[in-house]
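Novice: The structure that follows is given in the form of structure tokens.
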Amino acid sequence: MTIKTKTKTRTKKEKAVETIKVTGVDLLKKVKELVKQGNVRKISILDKSGKTLIVLPLTVGVVGAALALPLAAVGVIAALVTECTIKVDRK
């Protein structure tokens with residue numbers, strides 16, 4: 001179940017930062033969806049207390065094979081946490 005609470009802020013360089021609260025079950029699906037969008041620079045996954053669990057820097061040249069290991073790590077995190085926040089840095 002995805003809890004749609006999005007917060008968008010802009011920095012001086014006009015980068016959008018978005019936060020999305022999701023349950024562990026939907027975490028991997030949401031991360032894959034964000035990667036496919038293409039305009040995401042970095043994805044950070046935080047636990048309930050705000051502690052960063054993993055940071056996935058994404059570049060223009062990232063392909064499926066390069067994301068296999070980080071997505072496996074996201075899958076493990078999804079199995080361990082019940083609720084987390086995804087912080088998305090966009091162009």
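So you can find residues: chains in the structure tokens are A, B, ... in the order shown, residues in each start at 1, and ligands are numbered from 1 in order.
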Which neighbours of A:Pro70 fall inside 9 Å, counting only C-alpha atoms, when residues of the same chain fewer than 5 positions from it are skipped, and could you give them as a VMD selection string?
Specialist: chain A and resid 54 56 75
Novice: Go ahead and save the picked residues with N, CA and C atoms, as a PDB file, in the first residue's frame.
Specialist:
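Saved the output as selection28.pdb:
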ATOM      1  N   ILE A  54      19.726   3.469   2.267  1.00  0.00           N
ATOM      2  CA  ILE A  54      20.481   3.294   1.026  1.00  0.00           C
ATOM      3  C   ILE A  54      20.270   4.512   0.131  1.00  0.00           C
ATOM      4  N   LEU A  56      20.702   5.560  -3.943  1.00  0.00           N
ATOM      5  CA  LEU A  56      20.940   5.072  -5.302  1.00  0.00           C
ATOM      6  C   LEU A  56      21.151   6.262  -6.233  1.00  0.00           C
ATOM      7  N   GLY A  75      15.226  -4.752  -2.490  1.00  0.00           N
ATOM      8  CA  GLY A  75      14.335  -5.863  -2.183  1.00  0.00           C
ATOM      9  C   GLY A  75      14.552  -6.401  -0.779  1.00  0.00           C
TER      10      GLY A  75
END
Novice: When you count only C-alpha atoms, which of these residues is closest to A:Lys32: A:Val17, A:Leu71, A:Ile86, A:Ile45?
Specialist: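 Result for the nearest residue to A:Lys32: A:Leu71.
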Novice: Taking into account only C-alpha atoms, which residue in the set A:Lys91, A:Ala79, A:Glu18, A:Val25 is nearest to A:Ser44?
Specialist: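 Ranked by minimum distance to A:Ser44, first place goes to A:Glu18.
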Novice: Find the residues around A:Leu58 up to 9 Å (only C-alpha atoms counted), leave out those fewer than 4 positions away in its own chain, and share them as a list in words.
Specialist: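 So, after excluding close chain neighbours, the residues are Val35, Gly38, Val40, Arg41, Lys42, Ile43 and Val62 of chain A.
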Novice: When you draw a straight line from atom CA of A:Leu80 to atom CA of A:Gly24, how long is it in Å?
Specialist: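 For atom CA of A:Leu80 relative to atom CA of A:Gly24, the distance reads 7.5 Å.
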Novice: Of the residues A:Val55, A:Leu27, A:Ala16, A:Leu34, which is the one nearest to A:Ile77, using only C-alpha atoms?
Specialist: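 Closest residue, counting only C-alpha atoms: A:Leu27.
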Novice: Quick one: pull the distance between atom CA of A:Lys51 and atom CA of A:Lys29, Å, one decimal.
Specialist: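 Atom CA of A:Lys51 sits 21.1 Å away from atom CA of A:Lys29.
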Novice: Write down as a list of chain:residue names the residues of stretch 19-58 of chain A whose backbone DSSP state falls under strand (DSSP E).
Specialist: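 Secondary structure check on stretch 19-58 of chain A, strand (DSSP E): A:Thr19, A:Ile20, A:Lys21, A:Val22, A:Thr23, A:Val40, A:Arg41, A:Lys42, A:Ile43, A:Ser44, A:Ile45, A:Leu46, A:Thr52, A:Leu53, A:Ile54, A:Val55, A:Leu56, A:Pro57.
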Novice: Show which residues sit within 10 Å of A:Lys48, as JSON, numbers by chain. Count only C-alpha atoms, and ignore same-chain residues fewer than 6 positions away.
Specialist: {"A": [21, 81, 82, 83, 84, 85]}
